[in-house]
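**Q** Could you have a look at this structure, given as structure tokens, before my questions?
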Amino acid sequence: MNRDQVQALMTVLAVGGSLVGGYVITQDQVAAHTVSFPTTTPTPTVTASASGTPSASPSASASQTAASPVTKQGAVFTERRYGGRVQLSVTKLNGAITAIALDTATATDGRQGAFPYLVQEAIAANGSNIANVSGATYSADVFKQALDSALSKF
Amino acid sequence: MNAKIGMREFFHHESCMGTVFRFGGHTPFDPAKTESLVMQACAILHEADRTFSLYKPESPLSRLARGEVAIDDLVPVVTDVWNACAMCEKITSGWFSAFTPEKTFDPSGLVKTWAAKAAADFLVDAGLSDLTINAGGDVWISGDASGENDWRVGLHKPVSIADAEAGIAARVNLRGTPYRAVATSGSAERGNHIWNPKAPDRAPADELVQISVIGRDLVMADVWATAAFAMGHSAIEFINKFNLDNPGQSMQALAISKDGELTATEGFARLLAK
């Protein structure tokens, strides 16, 4: 494989871009702390609120059918590097994650803005059907704990 | 998903060595026995940390580094790791070295995955063989892993997780391949912390920002990732040639240079997840 082939390959993979696992995440969406899935049904939405107020609870219109979404909240995890706390709610429908809400995200030194991107990574991982990430760092793993904690309650 | 009938999914995170280890898979045992086995595996990690941490002033390795004791005075496992480091230095033609620029013994580049492999061996022998382990970003998959996702590993972008661009650069699927391990070395989180054993005064390597190595063995993938990071631009050609000379020990790699150039070994593209 020569360099041009790799470059073509990685252009498709969009290293350094915003295409991950088939999900296009625009800067506008990121700025709004909201990430949308473009394809699957139902249309999932992720909202990340750093206000400490839980968000993205199941719709009041959810009916008692087999297709009702279920939301569970995970435990609070302390993020060692920046001293922040992370707590997530995960909504599943028919076994698939349809929404992740960042209920609590505090940090001590101005890094609070990073947490929405951790949510973004979890969405990418979910959509990519992968069990592990190589190169993942402490922050990512702590986030994964928070996510797994929520998932384990289903 | 796609797990065997009667198996329960399990996972566990353990903080150790300044990072997080993740154990996951499917267990044939009840939750109490599964937890007991995983706790015993974690004890292996913590014992390795107590022995080899250079951040703990009273660890055997710290005492060795200060010259207070001779290696023969320490627990035999220190000699085992010393010998493993010497073997890895030879296999990598000197590109991996456990001796610091200050000439002290620092096996940190090997101990994390060495301990994870010992923990994995314990679990597999105990019957928890449907297993993946993520040792702070270095991933191992057992041959009995039954989940489709267990075989798919994401490679992180060469940026910090706290960066706005954090995310997954690529996904590989190792099912049906000879490869069971993915290890990544890079400067995104801790800067240029890998010294180049062949540079004057062992200056830090800085030609690459990240390299992921996909191999058969977790420890060797980790060692090769460190060695290849030190090699810099020549790493991919080095591995291509190594694969020709050692087909039974072949590995694949994806390197990202500080200029943003991407290079991969001959067989890398075939591993990309569909």
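Ligands are numbered from 1 in the order shown, chains are lettered A, B, ... in the order of the structure tokens, and residues start at 1 in each chain.
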Can you check which parts of chain B lie within 6 Å of chain A? Per residue, the shortest pair of atoms and distance in Å to one decimal, counting only C-alpha atoms, sorted by chain and number, as a Markdown table.

**A**
```
| residue | atom | partner | partner_atom | distance |
| --- | --- | --- | --- | --- |
| B:Thr19 | CA | A:Tyr138 | CA | 5.5 |
| B:Gly137 | CA | A:Ser134 | CA | 4.4 |
| B:Asp138 | CA | A:Ser134 | CA | 5.4 |
| B:Asn149 | CA | A:Ile130 | CA | 4.6 |
| B:Asp150 | CA | A:Ala131 | CA | 5.0 |
| B:Arg152 | CA | A:Ile130 | CA | 4.9 |
| B:Val153 | CA | A:Asn132 | CA | 5.2 |
| B:Gly154 | CA | A:Val133 | CA | 4.4 |
| B:Leu155 | CA | A:Ser134 | CA | 5.1 |
| B:His156 | CA | A:Gly135 | CA | 5.4 |
| B:Ala162 | CA | A:Ala114 | CA | 5.2 |
| B:Gly167 | CA | A:Glu121 | CA | 5.2 |
| B:Ala169 | CA | A:Val15 | CA | 5.1 |
| B:Thr184 | CA | A:Gly135 | CA | 5.1 |
| B:Glu266 | CA | A:Met1 | CA | 5.3 |
```

**Q** If you run DSSP on this backbone, which residues of region 91-268 of chain B come out as helix (DSSP H, G or I), and could you give them as a PyMOL selection string?

**A** chain B and resi 91+108-125+149-151+200-202+218-245+247-249

**Q** Find the residues near region 104-107 of chain B: any atom within 8 Å, counting only C-alpha atoms, skip ones fewer than 2 places away on the same chain, and give them as JSON, numbers by chain.

**A** {"B": [52, 54, 65, 81, 82, 85, 98, 99, 100, 101, 102, 109, 110, 111]}

**Q** Include C-alpha atoms and write out the residues we just selected as a PDB file, in the first residue's frame.

**A**
```pdb
ATOM      1  CA  PHE B  52       7.086  -2.136  39.565  1.00  0.00           C
ATOM      2  CA  LEU B  54       8.413   4.038  40.059  1.00  0.00           C
ATOM      3  CA  ALA B  65      16.583   2.446  40.719  1.00  0.00           C
ATOM      4  CA  VAL B  81      10.553  -8.719  33.688  1.00  0.00           C
ATOM      5  CA  TRP B  82      14.203  -7.685  33.328  1.00  0.00           C
ATOM      6  CA  CYS B  85      12.756  -6.410  28.523  1.00  0.00           C
ATOM      7  CA  ALA B  98      13.840  -0.349  29.297  1.00  0.00           C
ATOM      8  CA  PHE B  99      16.832   1.749  30.282  1.00  0.00           C
ATOM      9  CA  THR B 100      16.205   5.426  30.805  1.00  0.00           C
ATOM     10  CA  PRO B 101      18.414   8.257  29.577  1.00  0.00           C
ATOM     11  CA  GLU B 102      19.653   8.283  33.204  1.00  0.00           C
ATOM     12  CA  GLY B 109       6.661   0.307  28.725  1.00  0.00           C
ATOM     13  CA  LEU B 110       6.061  -3.375  29.294  1.00  0.00           C
ATOM     14  CA  VAL B 111       4.631  -3.865  32.790  1.00  0.00           C
TER      15      VAL B 111
END
```

**Q** Could you jot down the CA of Phe29 (chain B) to CA of Asp121 (chain B) separation for me, Å, one decimal place?

**A**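 The value is 17.3 Å.
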
**Q** What is the CA of Ser59 (chain B)-CA of Met17 (chain B) distance in Å, reported with one decimal?

**A**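 Interatomic distance, CA of Ser59 (chain B) to CA of Met17 (chain B): 12.9 Å.
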
**Q** Using only C-alpha atoms, determine which residues lie at most 7 Å from Ile256 (chain B), disregarding the query and same-chain residues fewer than 6 positions distant; provide the list as a list in words.

**A** Leu208, Val209, Gln210, Ile211, Leu262 and Thr263 of chain B

**Q** Using the selection just defined, write its residues with N, CA and C atoms as an mmCIF file, in the first residue's frame.

**A**
```cif
data_model
loop_
_atom_site.group_PDB
_atom_site.id
_atom_site.type_symbol
_atom_site.label_atom_id
_atom_site.label_comp_id
_atom_site.auth_asym_id
_atom_site.auth_seq_id
_atom_site.Cartn_x
_atom_site.Cartn_y
_atom_site.Cartn_z
ATOM 1 N N LEU B 208 6.503 10.958 14.835
ATOM 2 C CA LEU B 208 5.112 10.507 14.769
ATOM 3 C C LEU B 208 4.324 11.129 15.913
ATOM 4 N N VAL B 209 3.010 11.247 15.712
ATOM 5 C CA VAL B 209 2.151 11.607 16.841
ATOM 6 C C VAL B 209 1.425 10.380 17.382
ATOM 7 N N GLN B 210 1.314 9.353 16.557
ATOM 8 C CA GLN B 210 0.637 8.147 17.038
ATOM 9 C C GLN B 210 0.949 6.977 16.116
ATOM 10 N N ILE B 211 1.054 5.801 16.712
ATOM 11 C CA ILE B 211 1.105 4.580 15.904
ATOM 12 C C ILE B 211 0.351 3.480 16.638
ATOM 13 N N LEU B 262 -0.315 9.831 6.790
ATOM 14 C CA LEU B 262 -0.750 8.524 7.270
ATOM 15 C C LEU B 262 -0.086 7.442 6.449
ATOM 16 N N THR B 263 0.512 6.492 7.127
ATOM 17 C CA THR B 263 1.095 5.350 6.434
ATOM 18 C C THR B 263 0.657 4.086 7.162
#
```

**Q** In Å, how far is it from CA of Thr177 (chain B) to CA of Ala118 (chain B)?

**A**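 Pair CA of Thr177 (chain B) / CA of Ala118 (chain B) returns 22.9 Å.
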
**Q** As a ChimeraX atom specification, please: every residue in region 97-211 of chain B that a backbone DSSP assignment puts in strand (DSSP E or B).

**A** /B:99,105,130-135,138-141,152-156,168-173,181-186,195,204,208-211
